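Shown next: model32.cif, containing mmCIF, C-alpha atoms; chains and numbers go by the auth columns.
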```cif
data_upload
loop_
_atom_site.group_PDB
_atom_site.id
_atom_site.type_symbol
_atom_site.label_atom_id
_atom_site.label_comp_id
_atom_site.label_asym_id
_atom_site.label_seq_id
_atom_site.Cartn_x
_atom_site.Cartn_y
_atom_site.Cartn_z
_atom_site.B_iso_or_equiv
_atom_site.auth_seq_id
_atom_site.auth_asym_id
ATOM 1 C CA MET A 1 -15.965 19.744 -13.995 0.00 1 E
ATOM 2 C CA ALA A 2 -16.232 16.154 -12.839 0.00 2 E
ATOM 3 C CA THR A 3 -15.941 15.426 -9.145 0.00 3 E
ATOM 4 C CA ALA A 4 -15.213 12.245 -7.281 0.00 4 E
ATOM 5 C CA THR A 5 -16.911 10.935 -4.175 0.00 5 E
ATOM 6 C CA TYR A 6 -15.247 8.840 -1.502 0.00 6 E
ATOM 7 C CA ASP A 7 -17.018 6.136 0.465 0.00 7 E
ATOM 8 C CA LYS A 8 -15.356 4.600 3.475 0.00 8 E
ATOM 9 C CA ILE A 9 -15.541 0.835 2.931 0.00 9 E
ATOM 10 C CA ALA A 10 -13.791 -0.273 6.127 0.00 10 E
ATOM 11 C CA THR A 11 -11.293 0.783 8.798 0.00 11 E
ATOM 12 C CA GLN A 12 -9.131 -1.486 10.906 0.00 12 E
ATOM 13 C CA THR A 13 -7.200 -0.228 13.927 0.00 13 E
ATOM 14 C CA LEU A 14 -5.105 -2.879 15.610 0.00 14 E
ATOM 15 C CA ALA A 15 -5.874 -3.382 19.302 0.00 15 E
ATOM 16 C CA SER A 16 -2.847 -5.691 19.516 0.00 16 E
ATOM 17 C CA ALA A 17 0.103 -6.568 17.301 0.00 17 E
ATOM 18 C CA ALA A 18 -0.855 -8.499 14.166 0.00 18 E
ATOM 19 C CA SER A 19 0.972 -10.244 11.333 0.00 19 E
ATOM 20 C CA SER A 20 -1.383 -8.882 8.663 0.00 20 E
ATOM 21 C CA ILE A 21 -4.371 -6.728 7.784 0.00 21 E
ATOM 22 C CA THR A 22 -6.928 -7.999 5.270 0.00 22 E
ATOM 23 C CA PHE A 23 -9.757 -6.308 3.443 0.00 23 E
ATOM 24 C CA SER A 24 -11.996 -8.933 1.839 0.00 24 E
ATOM 25 C CA SER A 25 -15.268 -9.162 -0.066 0.00 25 E
ATOM 26 C CA ILE A 26 -14.578 -5.826 -1.776 0.00 26 E
ATOM 27 C CA ALA A 27 -17.584 -5.097 -3.964 0.00 27 E
ATOM 28 C CA ALA A 28 -17.230 -3.810 -7.529 0.00 28 E
ATOM 29 C CA SER A 29 -19.285 -0.705 -6.658 0.00 29 E
ATOM 30 C CA TRP A 30 -16.664 1.997 -7.275 0.00 30 E
ATOM 31 C CA THR A 31 -14.324 3.147 -10.006 0.00 31 E
ATOM 32 C CA ASP A 32 -11.101 3.140 -7.952 0.00 32 E
ATOM 33 C CA LEU A 33 -9.843 2.286 -4.478 0.00 33 E
ATOM 34 C CA ARG A 34 -7.777 4.299 -2.014 0.00 34 E
ATOM 35 C CA LEU A 35 -5.989 2.598 0.864 0.00 35 E
ATOM 36 C CA VAL A 36 -4.597 4.763 3.671 0.00 36 E
ATOM 37 C CA LEU A 37 -2.243 3.040 6.099 0.00 37 E
ATOM 38 C CA VAL A 38 -0.506 4.550 9.128 0.00 38 E
ATOM 39 C CA SER A 39 1.818 1.939 10.568 0.00 39 E
ATOM 40 C CA THR A 40 4.766 0.988 12.677 0.00 40 E
ATOM 41 C CA THR A 41 6.304 -2.473 12.810 0.00 41 E
ATOM 42 C CA ALA A 42 7.625 -4.469 15.746 0.00 42 E
ATOM 43 C CA THR A 43 10.932 -5.061 13.947 0.00 43 E
ATOM 44 C CA ALA A 44 12.852 -2.077 12.538 0.00 44 E
ATOM 45 C CA SER A 45 13.448 -1.659 8.814 0.00 45 E
ATOM 46 C CA GLN A 46 10.703 -4.030 7.688 0.00 46 E
ATOM 47 C CA GLY A 47 8.795 -3.288 4.533 0.00 47 E
ATOM 48 C CA VAL A 48 5.026 -3.362 4.203 0.00 48 E
ATOM 49 C CA LEU A 49 4.020 -5.802 1.473 0.00 49 E
ATOM 50 C CA CYS A 50 0.719 -6.034 -0.417 0.00 50 E
ATOM 51 C CA ARG A 51 -1.022 -8.785 -2.368 0.00 51 E
ATOM 52 C CA PHE A 52 -4.335 -8.886 -4.210 0.00 52 E
ATOM 53 C CA ASN A 53 -6.746 -11.846 -4.213 0.00 53 E
ATOM 54 C CA SER A 54 -4.205 -14.179 -2.549 0.00 54 E
ATOM 55 C CA ASP A 55 -2.036 -14.067 -5.713 0.00 55 E
ATOM 56 C CA THR A 56 1.445 -15.295 -4.728 0.00 56 E
ATOM 57 C CA ALA A 57 2.737 -15.610 -8.312 0.00 57 E
ATOM 58 C CA THR A 58 5.283 -13.157 -9.720 0.00 58 E
ATOM 59 C CA ASN A 59 2.660 -10.892 -11.294 0.00 59 E
ATOM 60 C CA TYR A 60 3.629 -7.584 -9.651 0.00 60 E
ATOM 61 C CA SER A 61 5.926 -4.742 -10.726 0.00 61 E
ATOM 62 C CA GLN A 62 6.817 -1.335 -9.318 0.00 62 E
ATOM 63 C CA THR A 63 8.964 1.680 -10.090 0.00 63 E
ATOM 64 C CA ASN A 64 9.619 4.441 -7.581 0.00 64 E
ATOM 65 C CA LEU A 65 11.288 7.779 -7.032 0.00 65 E
ATOM 66 C CA TYR A 66 12.411 8.743 -3.556 0.00 66 E
ATOM 67 C CA GLY A 67 14.120 11.529 -1.729 0.00 67 E
ATOM 68 C CA SER A 68 15.288 12.612 1.684 0.00 68 E
ATOM 69 C CA GLY A 69 17.128 15.664 2.906 0.00 69 E
ATOM 70 C CA SER A 70 20.415 14.241 1.629 0.00 70 E
ATOM 71 C CA ALA A 71 19.715 11.762 -1.185 0.00 71 E
ATOM 72 C CA ALA A 72 17.407 11.029 -4.092 0.00 72 E
ATOM 73 C CA GLY A 73 17.082 8.081 -6.395 0.00 73 E
ATOM 74 C CA SER A 74 14.907 5.520 -8.079 0.00 74 E
ATOM 75 C CA ALA A 75 14.319 1.789 -7.833 0.00 75 E
ATOM 76 C CA LYS A 76 12.469 -0.828 -9.830 0.00 76 E
ATOM 77 C CA GLY A 77 11.168 -4.338 -9.226 0.00 77 E
ATOM 78 C CA THR A 78 9.537 -6.583 -11.814 0.00 78 E
ATOM 79 C CA GLY A 79 8.249 -10.117 -11.640 0.00 79 E
ATOM 80 C CA VAL A 80 7.888 -10.178 -7.858 0.00 80 E
ATOM 81 C CA ALA A 81 5.222 -11.858 -5.703 0.00 81 E
ATOM 82 C CA TYR A 82 3.997 -8.676 -3.955 0.00 82 E
ATOM 83 C CA ILE A 83 4.023 -4.895 -4.031 0.00 83 E
ATOM 84 C CA ASP A 84 6.666 -3.551 -1.639 0.00 84 E
ATOM 85 C CA PHE A 85 5.456 -0.287 -0.120 0.00 85 E
ATOM 86 C CA ASP A 86 8.975 0.409 1.201 0.00 86 E
ATOM 87 C CA ALA A 87 11.219 -0.706 -1.658 0.00 87 E
ATOM 88 C CA ALA A 88 13.124 2.580 -1.642 0.00 88 E
ATOM 89 C CA THR A 89 13.203 3.507 2.042 0.00 89 E
ATOM 90 C CA GLY A 90 14.433 0.481 3.946 0.00 90 E
ATOM 91 C CA GLY A 91 11.149 -0.170 5.690 0.00 91 E
ATOM 92 C CA ASN A 92 8.896 0.827 8.539 0.00 92 E
ATOM 93 C CA ASP A 93 10.113 2.219 11.817 0.00 93 E
ATOM 94 C CA THR A 94 9.333 0.888 15.290 0.00 94 E
ATOM 95 C CA ASP A 95 8.645 4.308 16.838 0.00 95 E
ATOM 96 C CA TYR A 96 7.762 6.771 14.070 0.00 96 E
ATOM 97 C CA PRO A 97 4.666 5.953 11.992 0.00 97 E
ATOM 98 C CA THR A 98 4.830 5.872 8.216 0.00 98 E
ATOM 99 C CA LEU A 99 1.916 7.234 6.194 0.00 99 E
ATOM 100 C CA TYR A 100 0.989 5.384 2.997 0.00 100 E
ATOM 101 C CA ARG A 101 -1.629 6.372 0.429 0.00 101 E
ATOM 102 C CA PHE A 102 -2.220 3.762 -2.254 0.00 102 E
ATOM 103 C CA ASP A 103 -4.634 4.407 -5.134 0.00 103 E
ATOM 104 C CA VAL A 104 -5.653 1.454 -7.312 0.00 104 E
ATOM 105 C CA PHE A 105 -7.301 2.443 -10.576 0.00 105 E
ATOM 106 C CA SER A 106 -10.089 0.502 -12.323 0.00 106 E
ATOM 107 C CA TYR A 107 -9.767 -2.225 -9.698 0.00 107 E
ATOM 108 C CA ALA A 108 -12.897 -4.048 -10.890 0.00 108 E
ATOM 109 C CA GLY A 109 -12.182 -3.696 -14.617 0.00 109 E
ATOM 110 C CA SER A 110 -10.971 -6.399 -16.990 0.00 110 E
ATOM 111 C CA THR A 111 -7.502 -4.913 -17.604 0.00 111 E
ATOM 112 C CA TYR A 112 -4.247 -5.124 -15.632 0.00 112 E
ATOM 113 C CA LYS A 113 -4.438 -3.112 -12.408 0.00 113 E
ATOM 114 C CA THR A 114 -2.285 0.004 -12.034 0.00 114 E
ATOM 115 C CA GLY A 115 -1.668 1.921 -8.849 0.00 115 E
ATOM 116 C CA LEU A 116 0.008 4.987 -7.431 0.00 116 E
ATOM 117 C CA LEU A 117 1.599 4.735 -3.999 0.00 117 E
ATOM 118 C CA MET A 118 2.832 7.678 -1.956 0.00 118 E
ATOM 119 C CA ASN A 119 4.541 7.263 1.377 0.00 119 E
ATOM 120 C CA ASN A 120 6.465 9.429 3.761 0.00 120 E
ATOM 121 C CA GLY A 121 7.959 9.062 7.158 0.00 121 E
ATOM 122 C CA ASP A 122 10.076 10.631 9.837 0.00 122 E
ATOM 123 C CA ARG A 123 13.016 8.699 11.193 0.00 123 E
ATOM 124 C CA ASN A 124 13.760 11.404 13.795 0.00 124 E
ATOM 125 C CA SER A 125 17.134 12.159 12.182 0.00 125 E
ATOM 126 C CA TYR A 126 15.748 12.470 8.641 0.00 126 E
ATOM 127 C CA GLY A 127 12.515 12.363 6.677 0.00 127 E
ATOM 128 C CA TYR A 128 11.737 10.963 3.264 0.00 128 E
ATOM 129 C CA VAL A 129 9.087 10.861 0.550 0.00 129 E
ATOM 130 C CA VAL A 130 8.385 8.171 -2.038 0.00 130 E
ATOM 131 C CA SER A 131 6.233 8.100 -5.151 0.00 131 E
ATOM 132 C CA GLU A 132 5.711 4.682 -6.728 0.00 132 E
ATOM 133 C CA VAL A 133 3.751 3.308 -9.670 0.00 133 E
ATOM 134 C CA THR A 134 2.610 -0.300 -9.447 0.00 134 E
ATOM 135 C CA LEU A 135 1.210 -2.955 -11.749 0.00 135 E
ATOM 136 C CA TRP A 136 -0.616 -6.203 -11.029 0.00 136 E
ATOM 137 C CA ARG A 137 -0.720 -8.389 -14.120 0.00 137 E
ATOM 138 C CA SER A 138 -4.213 -9.785 -13.676 0.00 138 E
ATOM 139 C CA THR A 139 -7.540 -9.013 -15.306 0.00 139 E
ATOM 140 C CA ALA A 140 -9.496 -10.247 -12.266 0.00 140 E
ATOM 141 C CA ALA A 141 -11.422 -7.734 -10.176 0.00 141 E
ATOM 142 C CA ILE A 142 -9.699 -7.027 -6.859 0.00 142 E
ATOM 143 C CA THR A 143 -11.831 -8.482 -4.080 0.00 143 E
ATOM 144 C CA THR A 144 -9.170 -8.941 -1.356 0.00 144 E
ATOM 145 C CA ILE A 145 -6.216 -6.828 -0.237 0.00 145 E
ATOM 146 C CA LEU A 146 -3.634 -8.312 2.134 0.00 146 E
ATOM 147 C CA LEU A 147 -1.063 -6.107 3.906 0.00 147 E
ATOM 148 C CA TYR A 148 1.758 -7.617 5.946 0.00 148 E
ATOM 149 C CA PRO A 149 5.251 -6.708 7.182 0.00 149 E
ATOM 150 C CA SER A 150 8.149 -8.492 5.483 0.00 150 E
ATOM 151 C CA VAL A 151 9.122 -9.795 8.966 0.00 151 E
ATOM 152 C CA GLY A 152 7.241 -9.749 12.260 0.00 152 E
ATOM 153 C CA ASN A 153 4.090 -7.836 13.095 0.00 153 E
ATOM 154 C CA PHE A 154 2.389 -4.513 12.745 0.00 154 E
ATOM 155 C CA LYS A 155 2.368 -2.790 16.123 0.00 155 E
ATOM 156 C CA ILE A 156 -0.706 -1.857 18.123 0.00 156 E
ATOM 157 C CA ASN A 157 -2.616 1.197 16.798 0.00 157 E
ATOM 158 C CA THR A 158 -1.599 0.621 13.182 0.00 158 E
ATOM 159 C CA THR A 159 -4.612 1.846 11.200 0.00 159 E
ATOM 160 C CA ALA A 160 -5.725 0.951 7.688 0.00 160 E
ATOM 161 C CA THR A 161 -8.722 2.493 5.934 0.00 161 E
ATOM 162 C CA LEU A 162 -10.081 1.458 2.539 0.00 162 E
ATOM 163 C CA TYR A 163 -12.130 3.907 0.472 0.00 163 E
ATOM 164 C CA GLY A 164 -14.104 3.407 -2.713 0.00 164 E
ATOM 165 C CA ILE A 165 -13.941 6.273 -5.209 0.00 165 E
ATOM 166 C CA LYS A 166 -16.731 7.012 -7.670 0.00 166 E
ATOM 167 C CA SER A 167 -15.862 9.236 -10.595 0.00 167 E
ATOM 168 C CA ALA A 168 -18.665 11.497 -11.707 0.00 168 E
#
```
Could you render the structure from this file as structure tokens?
Amino acid sequence: MATATYDKIATQTLASAASSITFSSIAASWTDLRLVLVSTTATASQGVLCRFNSDTATNYSQTNLYGSGSAAGSAKGTGVAYIDFDAATGGNDTDYPTLYRFDVFSYAGSTYKTGLLMNNGDRNSYGYVVSEVTLWRSTAAITTILLYPSVGNFKINTTATLYGIKSA
């Protein structure tokens, strides 16, 4: 049975509010990447957005399934200029952290980049879960990941960790 190994590439914990988090100079040393983000935003209901390699063209798509204690559904976005981590949930909360786990497969390969995003959060009156598949229409290796709220800043203590995954 094949096993995978995880290497922590970098961790960033915000000591003050910030408008973005960037991982740069990502080496092509692994098979896949895993990004773990635990965040709150200074403005309520703001989504966390993601771009690769400073690409601002409409090369991103996503499809998600979501559910809470009272509702379930799906959403889709194609031809957009970013991946929206909160497309189905209405965005981050100011008080209750949201946990995101974003896996990007074959990030250094010469094909389009696919990903699987999972997020969940507690809004005190309800909780939710989201599963989302993503696509970046580029054959370039991912060397930079930019995370930013759709409006405002990430709050202090937001933490992002990037892992490299080696398949055995």
Practice item. List the neighbours of Tyr112 in chain E out to 12 Å using all atoms listed in the file; skip same-chain residues closer than 6 positions along the sequence, and give me the result as a PyMOL selection string. Key: chain E and resi 59-61+104-106+134-142
Study note, to complete from the structure: One decimal place gives the CA of Ala72 in chain E-CA of Tyr128 in chain E separation as 9.3 Å
Review point. Got a sec to resolve the PyMOL selection byres ((chain E and resi 28) around 9) on this structure and send the residues as an NGL selection string?
Key: :E and (26-27 or 29-31 or 107-109 or 141-143)
Name the residues that the PyMOL selection byres ((chain E and resi 145-153) around 8) picks from the file above, as a short mmCIF file (atom, residue, chain, number, x, y, z; two decimals) with C-alpha atoms, keeping the file's coordinate frame, using the file's chain letters and numbers.
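Written output follows (out-v7.cif):
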```cif
data_model
loop_
_atom_site.label_atom_id
_atom_site.label_comp_id
_atom_site.auth_asym_id
_atom_site.auth_seq_id
_atom_site.Cartn_x
_atom_site.Cartn_y
_atom_site.Cartn_z
CA ALA E 17 0.10 -6.57 17.30
CA ALA E 18 -0.86 -8.50 14.17
CA SER E 19 0.97 -10.24 11.33
CA SER E 20 -1.38 -8.88 8.66
CA ILE E 21 -4.37 -6.73 7.78
CA THR E 22 -6.93 -8.00 5.27
CA PHE E 23 -9.76 -6.31 3.44
CA SER E 24 -12.00 -8.93 1.84
CA THR E 41 6.30 -2.47 12.81
CA ALA E 42 7.62 -4.47 15.75
CA THR E 43 10.93 -5.06 13.95
CA GLN E 46 10.70 -4.03 7.69
CA GLY E 47 8.80 -3.29 4.53
CA VAL E 48 5.03 -3.36 4.20
CA LEU E 49 4.02 -5.80 1.47
CA CYS E 50 0.72 -6.03 -0.42
CA ARG E 51 -1.02 -8.78 -2.37
CA PHE E 52 -4.34 -8.89 -4.21
CA ASN E 53 -6.75 -11.85 -4.21
CA SER E 54 -4.20 -14.18 -2.55
CA ILE E 142 -9.70 -7.03 -6.86
CA THR E 143 -11.83 -8.48 -4.08
CA THR E 144 -9.17 -8.94 -1.36
CA PHE E 154 2.39 -4.51 12.74
CA LYS E 155 2.37 -2.79 16.12
#
```
Hits from the PyMOL selection byres ((chain E and resi 85) around 10), listed as a short mmCIF file (atom, residue, chain, number, x, y, z; two decimals) with C-alpha atoms, in the frame of the given file:
```cif
data_model
loop_
_atom_site.label_atom_id
_atom_site.label_comp_id
_atom_site.auth_asym_id
_atom_site.auth_seq_id
_atom_site.Cartn_x
_atom_site.Cartn_y
_atom_site.Cartn_z
CA GLY E 47 8.80 -3.29 4.53
CA VAL E 48 5.03 -3.36 4.20
CA LEU E 49 4.02 -5.80 1.47
CA CYS E 50 0.72 -6.03 -0.42
CA GLN E 62 6.82 -1.34 -9.32
CA ASN E 64 9.62 4.44 -7.58
CA TYR E 82 4.00 -8.68 -3.96
CA ILE E 83 4.02 -4.89 -4.03
CA ASP E 84 6.67 -3.55 -1.64
CA ASP E 86 8.98 0.41 1.20
CA ALA E 87 11.22 -0.71 -1.66
CA ALA E 88 13.12 2.58 -1.64
CA THR E 89 13.20 3.51 2.04
CA GLY E 90 14.43 0.48 3.95
CA GLY E 91 11.15 -0.17 5.69
CA ASN E 92 8.90 0.83 8.54
CA TYR E 100 0.99 5.38 3.00
CA ARG E 101 -1.63 6.37 0.43
CA PHE E 102 -2.22 3.76 -2.25
CA LEU E 117 1.60 4.74 -4.00
CA MET E 118 2.83 7.68 -1.96
CA ASN E 119 4.54 7.26 1.38
CA VAL E 130 8.38 8.17 -2.04
CA SER E 131 6.23 8.10 -5.15
CA GLU E 132 5.71 4.68 -6.73
CA THR E 134 2.61 -0.30 -9.45
CA LEU E 147 -1.06 -6.11 3.91
CA PRO E 149 5.25 -6.71 7.18
#
```
**Study point:** Gap from CA of Ile156 in chain E to CA of Thr13 in chain E - Å, one decimal
**Key:**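 Those two atoms sit 7.9 Å apart.
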